Amino acid sequence: MLAIEFDPDQYNYIIAEEKSYFLLRLSDGNLVIFGDRCLHRGGPLHLGQWDVALNCLVCPWHETRYQEKVIRKRAVPTVRRNGRLTAILDVAPETKITLCKRVILAQPC
Amino acid sequence: MKALAENHLAEEAQSVKAAPAKEEFADNVLLKQVLQRDPAAVKQCIQLYADNPLFGGTEEWVMEDNPYRRPVRSHVLKYLDFTKPLAGDEVFNYSALSAHRMLLNIYESDLVFFPEKDFESKKKDFLLFYSNETKILGELVRPVLEEHVFGFLDTEIEISGRWSVNSLRSYLESLVAEHNKSEIAVVAAVLSSPAREQSAISLLIQFAMDFLSEASAMARNVAGRYGPMLSELFKVILDEYGYGVHQTKHSTLFEQTLESCGLLAQPHAYAQFYLTSSMALSNYFHYVSRDHTKFFRFIGALAYTEATFSHTCKQLSDMLRKTFGSKVDTRYFDEHVHIDLHHGRMVFEKLVAPAVARFGDGIIEEIVRGIDEFRLLARIADRDFMEQIDWCNKGLEYKELAQPLHERILSGAVKCDKGTYVEPLNELSVTHVHDADELCMVESGVMDFVTGHDFVVPLYPGEGTVLLHNRLHGAIITSEEDCVYHIYSIDDYKKCLQ
């Protein structure tokens with residue numbers, strides 16, 4: 001496991017070598033960190049769309065759907081304090097981390 | 001055109017029939033005549049294309065690791081007329097086989113192929129295959145050949161009435177439902193064949209033509225700019241190309257299927273055993289993808305293919321396991337069973353329906369045409385394969401018919417033309433078809449009569465075989481002494497035996 005801390009206003013995308021994650025603000029305003037690879041075929045979930053009617057994230061490749069409750073359950077453990085986010089990533093401690101800012105299409109609001 | 005005689009194309013053509021004299025190449029006149037479909041000019045141009053040394057004869061049934069060499073049997077083209085479309089009942093004729101072989105070469109000159117090994121020794125072939133001269137000639141004759149082999153589709157399929165996207169959706173759903181209840185004809189043919197493994201291999205060889213470069217025709221439609229539809233099509237290609245991971249590319253999975261069955265996984269290694277109609281299926285996608293005026297036919301054909309391939313692949317996968325047991329790698333087919341459930345939906349909902357919304361109901365006729373042209377070609381291909389497997393399986397029966405037929409010819413009861421040929425050891429007759437039945441009788445020497453990969457009937461002196469019309473076959477001389485054999489043009493062997 002690896003704990004990282006960063007400013008969520010500055011960065012919204014985390015690359016941990018083979019894995020990547022993106023920040024997603026849910027309908028209640030909560031900020032979560034979610035894995036970016038769709039479980040079906042690895043599609044880039046940060047480029048998916050939020051289906052407002054069904055309240056779910058839709059993968060852009062094959063439209064696999066992730067209900068908000070599933071996202072909450074599978075989100076990376078995080079703590080927000082003083083405007084900074086600490087996330088516990090399920091990767092080896094020596095994993096190289098890159099933080100960046102990307103266009104995130106998948107937003108509920 | 002005059003320059004053609006002076007460039008490396010003519011330099012390479014050492015063992016090929018003499019190239020036309022320079023004075024026949026009046027640049028503008030020949031070009032105009034070809035465009036106007038003047039039969040003599042068309043014939044000359046096609047001959048020039050086919051006389052390319054890459055498309056000449058070969059000494060082996062299997063072309064190992066050279067994607068550029070594809071025999072078309074150019075020496076018989078002068079007897080064929082490509083200037084008119086074939087009728088629906090002529091689609092297995094020799095001119096169709098020749099035309100499709102040439103079209104395959106023409107279309108694939110847009111695709112990138114490299115041999116696996118020894119590139120330096122094949123570099124001349126590589127340069128010639130992709131040379132401007134080869135491409136220009138191919139481009140000149142392409143429309144003629146396309147009209148010849150695909151022209152019948154215009155008359156076989158008629159679409160009328162006022163279509164909407166809902167009626168289109170209903171129509172496609174009904175076709176898919178019908179297909180998904182069916183037993184796949186070629187699967188049944190393999191399972192019921194007494195030579196089941198060889199028949200299954202023959203089927204894999206038909207697939208190899210397209211699956212080893214899978215989605216190349218489709219990829220022609222994602223260059224350019226036409227909005228979200230392009231990106232939706234790209235998603236299908238993303239899947240086909242394994243997300244950029246070579247081991248999961250569909251063509252790689254198919255390579256593993258071939259290798260697990262003891263076959264080479266190199267493009268066109270078994271080109272001589274491609275049936276005319278199998279080439280038609282593969283060429284059709286290039287036909288409607290290369291000419292973007294046929295884009296809507298392309299999406300129609302794609303919608304049907306993607307929506308039905310899952311069911312087909314399930315049966316193919318089961319058949320391969322029944323035939324080869326656990327050694328066969330069926331992941332190619334298993335992958336399609338899954339992913340085409342998505343592709344069927346994606347192509348219709350994200351390509352076809354948006355296309356109609358954007359361009360109007362007027363394009364639906366073309367979409368339906370694409371669906372039905374491909375369906376028709378697929379049915380023809382099924383029939384071709386079933387008849388070929390039957391022909392392969394009955395090799396000894398057709399051999400036994402030779403004696404009684406020959407006796408009727410010798411007694412005068414049957415009158416027909418006769419040709420006599422003398423061929424040395426290892427002389428290979430590239431696979432071909434005849435438009436009517438013929439009888440081959442060996443007078444001396446020995447030949448292996450070949451009707452498919454591993455379907456061989458040896459013919460000794462005094463023996464022969466019926467050459468069934470429209471059935472692919474070839475031969476190779478296996479005796480030290482020259483083989484003398486006779487070909488009788490009997491037209492219809494059954495009538496001759498009455």
# chains A, B, ... in the order shown; residues from 1 in each chain; ligands from 1
call {"tool": "interface_residues", "arguments": {"of": "chain A", "to": "chain B", "cutoff": "12 Å", "atoms": "only C-alpha atoms", "output": "PyMOL selection string"}}
result
chain A and resi 40-44+59-64
call {"tool": "residues_around", "arguments": {"residues": "Ile15 of chain A", "least_positions_apart": "5", "cutoff": "6 Å", "atoms": "only C-alpha atoms", "output": "PyMOL selection string"}}
result
chain A and resi 20+97-98
call {"tool": "residues_around", "arguments": {"residues": "segment 65-76 of chain A", "least_positions_apart": "4", "cutoff": "12 Å", "atoms": "only C-alpha atoms", "output": "PyMOL selection string"}}
result
chain A and resi 1-4+14+20-28+30-40+43+45+48-61+85-91+106-108
call {"tool": "atom_distance", "arguments": {"atom1": "atom CA of Arg297 of chain B", "atom2": "atom CA of Glu365 of chain B"}}
result
8.7 Å
call {"tool": "residues_around", "arguments": {"residues": "segment 369-373 of chain B", "least_positions_apart": "6", "cutoff": "12 Å", "atoms": "only C-alpha atoms", "output": "mmCIF file with N, CA and C atoms, in the first residue's frame"}}
result
data_model
loop_
_atom_site.group_PDB
_atom_site.id
_atom_site.type_symbol
_atom_site.label_atom_id
_atom_site.label_comp_id
_atom_site.auth_asym_id
_atom_site.auth_seq_id
_atom_site.Cartn_x
_atom_site.Cartn_y
_atom_site.Cartn_z
ATOM 1 N N PHE B 150 -18.861 -8.220 -59.014
ATOM 2 C CA PHE B 150 -19.880 -7.725 -58.075
ATOM 3 C C PHE B 150 -21.091 -7.122 -58.789
ATOM 4 N N GLY B 151 -20.969 -6.976 -60.107
ATOM 5 C CA GLY B 151 -22.059 -6.345 -60.850
ATOM 6 C C GLY B 151 -23.380 -7.087 -60.713
ATOM 7 N N PHE B 152 -23.318 -8.425 -60.559
ATOM 8 C CA PHE B 152 -24.562 -9.197 -60.484
ATOM 9 C C PHE B 152 -25.388 -8.843 -59.248
ATOM 10 N N LEU B 153 -24.741 -8.278 -58.252
ATOM 11 C CA LEU B 153 -25.467 -7.913 -57.025
ATOM 12 C C LEU B 153 -26.521 -6.841 -57.309
ATOM 13 N N ASP B 154 -26.236 -5.990 -58.293
ATOM 14 C CA ASP B 154 -27.197 -4.934 -58.609
ATOM 15 C C ASP B 154 -28.501 -5.499 -59.118
ATOM 16 N N THR B 155 -28.409 -6.624 -59.823
ATOM 17 C CA THR B 155 -29.637 -7.194 -60.391
ATOM 18 C C THR B 155 -30.251 -8.258 -59.486
ATOM 19 N N GLU B 156 -29.425 -8.905 -58.655
ATOM 20 C CA GLU B 156 -29.958 -9.955 -57.781
ATOM 21 C C GLU B 156 -30.766 -9.390 -56.616
ATOM 22 N N ILE B 157 -30.453 -8.166 -56.237
ATOM 23 C CA ILE B 157 -31.109 -7.583 -55.049
ATOM 24 C C ILE B 157 -31.842 -6.317 -55.453
ATOM 25 N N GLU B 158 -33.101 -6.264 -55.108
ATOM 26 C CA GLU B 158 -33.912 -5.097 -55.427
ATOM 27 C C GLU B 158 -34.543 -4.587 -54.142
ATOM 28 N N ILE B 159 -34.436 -3.322 -53.933
ATOM 29 C CA ILE B 159 -34.993 -2.734 -52.699
ATOM 30 C C ILE B 159 -35.995 -1.667 -53.093
ATOM 31 N N SER B 160 -37.112 -1.674 -52.441
ATOM 32 C CA SER B 160 -38.116 -0.661 -52.787
ATOM 33 C C SER B 160 -38.884 -0.288 -51.523
ATOM 34 N N LEU B 168 -35.872 -0.383 -40.735
ATOM 35 C CA LEU B 168 -34.522 -0.935 -40.906
ATOM 36 C C LEU B 168 -34.145 -1.766 -39.686
ATOM 37 N N ARG B 169 -34.402 -1.229 -38.515
ATOM 38 C CA ARG B 169 -34.075 -1.956 -37.279
ATOM 39 C C ARG B 169 -34.860 -3.274 -37.229
ATOM 40 N N TYR B 171 -36.059 -4.970 -39.687
ATOM 41 C CA TYR B 171 -35.557 -5.884 -40.720
ATOM 42 C C TYR B 171 -34.290 -6.565 -40.243
ATOM 43 N N LEU B 172 -33.351 -5.782 -39.742
ATOM 44 C CA LEU B 172 -32.085 -6.361 -39.292
ATOM 45 C C LEU B 172 -32.320 -7.324 -38.129
ATOM 46 N N GLU B 173 -33.177 -6.944 -37.215
ATOM 47 C CA GLU B 173 -33.453 -7.833 -36.075
ATOM 48 C C GLU B 173 -34.048 -9.152 -36.543
ATOM 49 N N LEU B 175 -33.524 -10.611 -39.418
ATOM 50 C CA LEU B 175 -32.454 -11.392 -40.045
ATOM 51 C C LEU B 175 -31.539 -12.016 -38.999
ATOM 52 N N VAL B 176 -31.233 -11.242 -37.991
ATOM 53 C CA VAL B 176 -30.340 -11.735 -36.936
ATOM 54 C C VAL B 176 -31.022 -12.862 -36.160
ATOM 55 N N ALA B 280 -14.504 -13.524 -52.469
ATOM 56 C CA ALA B 280 -15.557 -12.526 -52.701
ATOM 57 C C ALA B 280 -15.985 -11.870 -51.398
ATOM 58 N N LEU B 281 -16.095 -12.661 -50.336
ATOM 59 C CA LEU B 281 -16.521 -12.121 -49.036
ATOM 60 C C LEU B 281 -15.504 -11.118 -48.520
ATOM 61 N N TYR B 284 -15.273 -8.067 -50.834
ATOM 62 C CA TYR B 284 -16.450 -7.202 -50.775
ATOM 63 C C TYR B 284 -16.246 -6.088 -49.782
ATOM 64 N N PHE B 285 -15.664 -6.394 -48.630
ATOM 65 C CA PHE B 285 -15.466 -5.333 -47.643
ATOM 66 C C PHE B 285 -14.470 -4.290 -48.132
ATOM 67 N N TYR B 287 -14.124 -3.620 -51.318
ATOM 68 C CA TYR B 287 -14.883 -2.980 -52.395
ATOM 69 C C TYR B 287 -15.719 -1.829 -51.844
ATOM 70 N N VAL B 288 -16.401 -2.055 -50.730
ATOM 71 C CA VAL B 288 -17.288 -1.010 -50.199
ATOM 72 C C VAL B 288 -16.569 -0.072 -49.231
ATOM 73 N N SER B 289 -15.314 -0.396 -48.905
ATOM 74 C CA SER B 289 -14.569 0.479 -48.001
ATOM 75 C C SER B 289 -13.618 1.402 -48.750
ATOM 76 N N LYS B 294 -19.633 4.114 -51.401
ATOM 77 C CA LYS B 294 -20.346 2.929 -50.910
ATOM 78 C C LYS B 294 -20.285 2.845 -49.385
ATOM 79 N N PHE B 295 -20.018 3.934 -48.710
ATOM 80 C CA PHE B 295 -19.882 3.929 -47.251
ATOM 81 C C PHE B 295 -21.117 3.370 -46.567
ATOM 82 N N PHE B 296 -22.290 3.714 -47.062
ATOM 83 C CA PHE B 296 -23.514 3.266 -46.386
ATOM 84 C C PHE B 296 -23.743 1.779 -46.597
ATOM 85 N N ARG B 297 -23.277 1.259 -47.735
ATOM 86 C CA ARG B 297 -23.312 -0.197 -47.907
ATOM 87 C C ARG B 297 -22.364 -0.850 -46.906
ATOM 88 N N PHE B 298 -21.228 -0.206 -46.705
ATOM 89 C CA PHE B 298 -20.254 -0.735 -45.737
ATOM 90 C C PHE B 298 -20.890 -0.852 -44.358
ATOM 91 N N ILE B 299 -21.551 0.196 -43.894
ATOM 92 C CA ILE B 299 -22.090 0.114 -42.529
ATOM 93 C C ILE B 299 -23.246 -0.886 -42.466
ATOM 94 N N GLY B 300 -23.956 -1.060 -43.567
ATOM 95 C CA GLY B 300 -25.001 -2.078 -43.585
ATOM 96 C C GLY B 300 -24.404 -3.471 -43.477
ATOM 97 N N ALA B 301 -23.399 -3.728 -44.309
ATOM 98 C CA ALA B 301 -22.743 -5.035 -44.282
ATOM 99 C C ALA B 301 -22.106 -5.280 -42.920
ATOM 100 N N LEU B 302 -21.506 -4.244 -42.359
ATOM 101 C CA LEU B 302 -20.860 -4.373 -41.041
ATOM 102 C C LEU B 302 -21.891 -4.664 -39.956
ATOM 103 N N ALA B 303 -23.020 -3.971 -40.021
ATOM 104 C CA ALA B 303 -24.067 -4.187 -39.017
ATOM 105 C C ALA B 303 -24.528 -5.635 -39.030
ATOM 106 N N TYR B 304 -24.726 -6.182 -40.221
ATOM 107 C CA TYR B 304 -25.175 -7.570 -40.310
ATOM 108 C C TYR B 304 -24.090 -8.530 -39.826
ATOM 109 N N THR B 305 -22.866 -8.322 -40.299
ATOM 110 C CA THR B 305 -21.762 -9.222 -39.925
ATOM 111 C C THR B 305 -21.564 -9.246 -38.413
ATOM 112 N N GLU B 306 -21.490 -8.062 -37.824
ATOM 113 C CA GLU B 306 -21.203 -7.995 -36.383
ATOM 114 C C GLU B 306 -22.342 -8.585 -35.558
ATOM 115 N N ALA B 307 -23.567 -8.415 -36.049
ATOM 116 C CA ALA B 307 -24.710 -8.902 -35.275
ATOM 117 C C ALA B 307 -24.879 -10.410 -35.366
ATOM 118 N N THR B 308 -24.286 -11.030 -36.362
ATOM 119 C CA THR B 308 -24.487 -12.476 -36.560
ATOM 120 C C THR B 308 -23.244 -13.309 -36.263
ATOM 121 N N PHE B 348 -25.071 -0.784 -34.913
ATOM 122 C CA PHE B 348 -26.383 -0.268 -35.308
ATOM 123 C C PHE B 348 -26.705 1.036 -34.592
ATOM 124 N N VAL B 352 -25.160 3.162 -37.587
ATOM 125 C CA VAL B 352 -26.240 3.117 -38.581
ATOM 126 C C VAL B 352 -27.332 4.120 -38.240
ATOM 127 N N ILE B 363 -30.577 7.298 -47.299
ATOM 128 C CA ILE B 363 -29.402 6.402 -47.312
ATOM 129 C C ILE B 363 -29.769 4.980 -46.920
ATOM 130 N N ARG B 379 -24.109 -16.632 -48.423
ATOM 131 C CA ARG B 379 -24.823 -17.874 -48.805
ATOM 132 C C ARG B 379 -24.100 -18.563 -49.958
ATOM 133 N N ILE B 380 -23.622 -17.742 -50.896
ATOM 134 C CA ILE B 380 -22.870 -18.301 -52.021
ATOM 135 C C ILE B 380 -21.598 -18.969 -51.509
#
call {"tool": "select_by_dssp", "arguments": {"residues": "chain A", "states": "helix (DSSP H, G or I)", "output": "short mmCIF file (atom, residue, chain, number, x, y, z; two decimals) with N, CA, C and O atoms, in the first residue's frame"}}
result
data_model
loop_
_atom_site.label_atom_id
_atom_site.label_comp_id
_atom_site.auth_asym_id
_atom_site.auth_seq_id
_atom_site.Cartn_x
_atom_site.Cartn_y
_atom_site.Cartn_z
N LEU A 45 -12.39 4.99 -18.05
CA LEU A 45 -13.63 5.44 -17.42
C LEU A 45 -13.69 6.96 -17.24
O LEU A 45 -14.78 7.52 -17.21
N HIS A 46 -12.53 7.61 -17.14
CA HIS A 46 -12.57 9.06 -16.94
C HIS A 46 -13.14 9.76 -18.18
O HIS A 46 -13.53 10.91 -18.13
N LEU A 47 -13.19 9.04 -19.29
CA LEU A 47 -13.77 9.59 -20.52
C LEU A 47 -15.20 9.09 -20.73
O LEU A 47 -15.78 9.32 -21.79
N GLU A 68 -23.71 4.45 -8.78
CA GLU A 68 -22.99 5.31 -7.82
C GLU A 68 -22.64 4.54 -6.55
O GLU A 68 -21.55 4.71 -5.99
N LYS A 69 -23.55 3.68 -6.12
CA LYS A 69 -23.26 2.95 -4.87
C LYS A 69 -22.07 2.01 -5.06
O LYS A 69 -21.31 1.75 -4.13
N VAL A 70 -21.92 1.47 -6.28
CA VAL A 70 -20.78 0.60 -6.57
C VAL A 70 -19.49 1.42 -6.56
O VAL A 70 -18.46 0.99 -6.04
N ILE A 71 -19.57 2.60 -7.11
CA ILE A 71 -18.39 3.48 -7.14
C ILE A 71 -17.97 3.82 -5.71
O ILE A 71 -16.78 3.74 -5.37
N ARG A 72 -18.93 4.14 -4.89
CA ARG A 72 -18.59 4.47 -3.50
C ARG A 72 -17.91 3.28 -2.82
O ARG A 72 -16.94 3.43 -2.08
N LYS A 73 -18.45 2.10 -3.11
CA LYS A 73 -17.93 0.89 -2.44
C LYS A 73 -16.51 0.56 -2.90
O LYS A 73 -15.70 0.05 -2.14
N ARG A 74 -16.23 0.87 -4.19
CA ARG A 74 -14.94 0.47 -4.74
C ARG A 74 -13.93 1.61 -4.79
O ARG A 74 -12.82 1.43 -5.29
#
call {"tool": "select_by_dssp", "arguments": {"residues": "segment 55-98 of chain A", "states": "strand (DSSP E)", "output": "list of chain:residue names"}}
result
A:Cys56, A:Leu57, A:Val58, A:Arg65, A:Tyr66, A:Gln67, A:Thr78, A:Val79, A:Arg80, A:Arg81, A:Arg84, A:Leu85, A:Thr86, A:Ala87, A:Ile88, A:Leu89, A:Ile97, A:Thr98
call {"tool": "write_last_selection", "arguments": {"atoms": "N, CA, C and O atoms", "output": "PDB file, in the first residue's frame"}}
result
ATOM      1  N   CYS A  56     -25.511   6.585 -12.941  1.00  0.00           N
ATOM      2  CA  CYS A  56     -24.369   5.689 -13.034  1.00  0.00           C
ATOM      3  C   CYS A  56     -23.363   6.218 -14.050  1.00  0.00           C
ATOM      4  O   CYS A  56     -23.684   7.021 -14.916  1.00  0.00           O
ATOM      5  N   LEU A  57     -22.145   5.712 -13.906  1.00  0.00           N
ATOM      6  CA  LEU A  57     -21.060   6.032 -14.827  1.00  0.00           C
ATOM      7  C   LEU A  57     -21.100   5.023 -15.969  1.00  0.00           C
ATOM      8  O   LEU A  57     -21.240   3.825 -15.734  1.00  0.00           O
ATOM      9  N   VAL A  58     -20.985   5.512 -17.195  1.00  0.00           N
ATOM     10  CA  VAL A  58     -21.065   4.623 -18.363  1.00  0.00           C
ATOM     11  C   VAL A  58     -19.718   4.621 -19.083  1.00  0.00           C
ATOM     12  O   VAL A  58     -19.216   5.673 -19.477  1.00  0.00           O
ATOM     13  N   ARG A  65     -21.914  -0.243 -17.100  1.00  0.00           N
ATOM     14  CA  ARG A  65     -22.433   0.759 -16.168  1.00  0.00           C
ATOM     15  C   ARG A  65     -21.958   0.523 -14.741  1.00  0.00           C
ATOM     16  O   ARG A  65     -21.932  -0.621 -14.280  1.00  0.00           O
ATOM     17  N   TYR A  66     -21.611   1.590 -14.074  1.00  0.00           N
ATOM     18  CA  TYR A  66     -21.200   1.529 -12.659  1.00  0.00           C
ATOM     19  C   TYR A  66     -22.144   2.423 -11.860  1.00  0.00           C
ATOM     20  O   TYR A  66     -22.121   3.651 -11.984  1.00  0.00           O
ATOM     21  N   GLN A  67     -22.980   1.780 -11.060  1.00  0.00           N
ATOM     22  CA  GLN A  67     -23.898   2.542 -10.205  1.00  0.00           C
ATOM     23  C   GLN A  67     -23.100   3.349  -9.193  1.00  0.00           C
ATOM     24  O   GLN A  67     -22.003   2.953  -8.773  1.00  0.00           O
ATOM     25  N   THR A  78      -9.782   7.461   0.944  1.00  0.00           N
ATOM     26  CA  THR A  78      -9.196   8.818   0.925  1.00  0.00           C
ATOM     27  C   THR A  78      -9.647   9.580   2.161  1.00  0.00           C
ATOM     28  O   THR A  78     -10.692   9.279   2.749  1.00  0.00           O
ATOM     29  N   VAL A  79      -8.838  10.570   2.487  1.00  0.00           N
ATOM     30  CA  VAL A  79      -9.190  11.498   3.563  1.00  0.00           C
ATOM     31  C   VAL A  79      -8.959  12.892   3.027  1.00  0.00           C
ATOM     32  O   VAL A  79      -7.909  13.164   2.442  1.00  0.00           O
ATOM     33  N   ARG A  80      -9.934  13.794   3.227  1.00  0.00           N
ATOM     34  CA  ARG A  80      -9.734  15.192   2.803  1.00  0.00           C
ATOM     35  C   ARG A  80      -9.623  16.040   4.062  1.00  0.00           C
ATOM     36  O   ARG A  80     -10.464  15.969   4.960  1.00  0.00           O
ATOM     37  N   ARG A  81      -8.569  16.837   4.063  1.00  0.00           N
ATOM     38  CA  ARG A  81      -8.308  17.665   5.245  1.00  0.00           C
ATOM     39  C   ARG A  81      -7.568  18.898   4.796  1.00  0.00           C
ATOM     40  O   ARG A  81      -6.596  18.795   4.036  1.00  0.00           O
ATOM     41  N   ARG A  84      -6.535  19.307   1.277  1.00  0.00           N
ATOM     42  CA  ARG A  84      -5.645  18.335   0.641  1.00  0.00           C
ATOM     43  C   ARG A  84      -6.250  16.940   0.775  1.00  0.00           C
ATOM     44  O   ARG A  84      -6.988  16.656   1.721  1.00  0.00           O
ATOM     45  N   LEU A  85      -5.909  16.125  -0.173  1.00  0.00           N
ATOM     46  CA  LEU A  85      -6.468  14.768  -0.218  1.00  0.00           C
ATOM     47  C   LEU A  85      -5.347  13.764   0.041  1.00  0.00           C
ATOM     48  O   LEU A  85      -4.271  13.860  -0.556  1.00  0.00           O
ATOM     49  N   THR A  86      -5.638  12.826   0.939  1.00  0.00           N
ATOM     50  CA  THR A  86      -4.694  11.711   1.128  1.00  0.00           C
ATOM     51  C   THR A  86      -5.382  10.450   0.651  1.00  0.00           C
ATOM     52  O   THR A  86      -6.512  10.150   1.076  1.00  0.00           O
ATOM     53  N   ALA A  87      -4.732   9.741  -0.225  1.00  0.00           N
ATOM     54  CA  ALA A  87      -5.310   8.518  -0.786  1.00  0.00           C
ATOM     55  C   ALA A  87      -4.395   7.346  -0.485  1.00  0.00           C
ATOM     56  O   ALA A  87      -3.172   7.492  -0.535  1.00  0.00           O
ATOM     57  N   ILE A  88      -4.976   6.195  -0.178  1.00  0.00           N
ATOM     58  CA  ILE A  88      -4.196   4.972   0.070  1.00  0.00           C
ATOM     59  C   ILE A  88      -4.366   4.074  -1.140  1.00  0.00           C
ATOM     60  O   ILE A  88      -5.419   3.454  -1.353  1.00  0.00           O
ATOM     61  N   LEU A  89      -3.320   4.016  -1.961  1.00  0.00           N
ATOM     62  CA  LEU A  89      -3.405   3.231  -3.195  1.00  0.00           C
ATOM     63  C   LEU A  89      -2.947   1.801  -2.949  1.00  0.00           C
ATOM     64  O   LEU A  89      -1.976   1.584  -2.209  1.00  0.00           O
ATOM     65  N   ILE A  97       4.828   7.425  -8.722  1.00  0.00           N
ATOM     66  CA  ILE A  97       3.533   8.088  -8.849  1.00  0.00           C
ATOM     67  C   ILE A  97       3.685   9.350  -9.680  1.00  0.00           C
ATOM     68  O   ILE A  97       4.607  10.141  -9.485  1.00  0.00           O
ATOM     69  N   THR A  98       2.760   9.531 -10.612  1.00  0.00           N
ATOM     70  CA  THR A  98       2.715  10.771 -11.398  1.00  0.00           C
ATOM     71  C   THR A  98       1.332  11.378 -11.216  1.00  0.00           C
ATOM     72  O   THR A  98       0.313  10.698 -11.372  1.00  0.00           O
TER      73      THR A  98
END
call {"tool": "residues_around", "arguments": {"residues": "segment 31-36 of chain B", "least_positions_apart": "4", "cutoff": "8 Å", "atoms": "only C-alpha atoms", "output": "number ranges by chain"}}
result
B: 27, 41-42, 45, 140-141
call {"tool": "write_last_selection", "arguments": {"atoms": "C-alpha atoms", "output": "mmCIF file, in the first residue's frame"}}
result
data_model
loop_
_atom_site.group_PDB
_atom_site.id
_atom_site.type_symbol
_atom_site.label_atom_id
_atom_site.label_comp_id
_atom_site.auth_asym_id
_atom_site.auth_seq_id
_atom_site.Cartn_x
_atom_site.Cartn_y
_atom_site.Cartn_z
ATOM 1 C CA ASP B 27 -0.309 6.538 -73.320
ATOM 2 C CA ALA B 41 -7.611 -2.457 -74.207
ATOM 3 C CA VAL B 42 -9.032 -3.944 -71.014
ATOM 4 C CA CYS B 45 -4.176 -3.918 -69.284
ATOM 5 C CA LEU B 140 -6.755 0.836 -63.924
ATOM 6 C CA VAL B 141 -8.159 -2.669 -63.972
#
call {"tool": "closest_residue", "arguments": {"among": "A:Phe6, A:Glu17, A:Tyr11, A:Gly29", "to": "Arg102 of chain A", "atoms": "only C-alpha atoms"}}
result
A:Tyr11
call {"tool": "residues_around", "arguments": {"residues": "segment 96-100 of chain B", "least_positions_apart": "3", "cutoff": "8 Å", "atoms": "only C-alpha atoms", "output": "ChimeraX atom specification"}}
result
/B:72-73,77,82,86,90-93,103-104,145-146,148-149,275-276,279-280,283,432-433
call {"tool": "residues_around", "arguments": {"residues": "Ala188 of chain B", "least_positions_apart": "3", "cutoff": "10 Å", "atoms": "only C-alpha atoms", "output": "list of chain:residue names"}}
result
B:Glu183, B:Ile184, B:Ala185, B:Leu191, B:Ser192, B:Ser193, B:Gln315, B:Leu316, B:Met319, B:Met386
call {"tool": "atom_distance", "arguments": {"atom1": "atom CA of Val422 of chain B", "atom2": "atom CA of Gly56 of chain B"}}
result
19.6 Å
call {"tool": "closest_residue", "arguments": {"among": "B:Val414, B:Val484, B:Leu233, B:Leu405", "to": "Leu439 of chain B", "atoms": "only C-alpha atoms"}}
result
B:Leu405
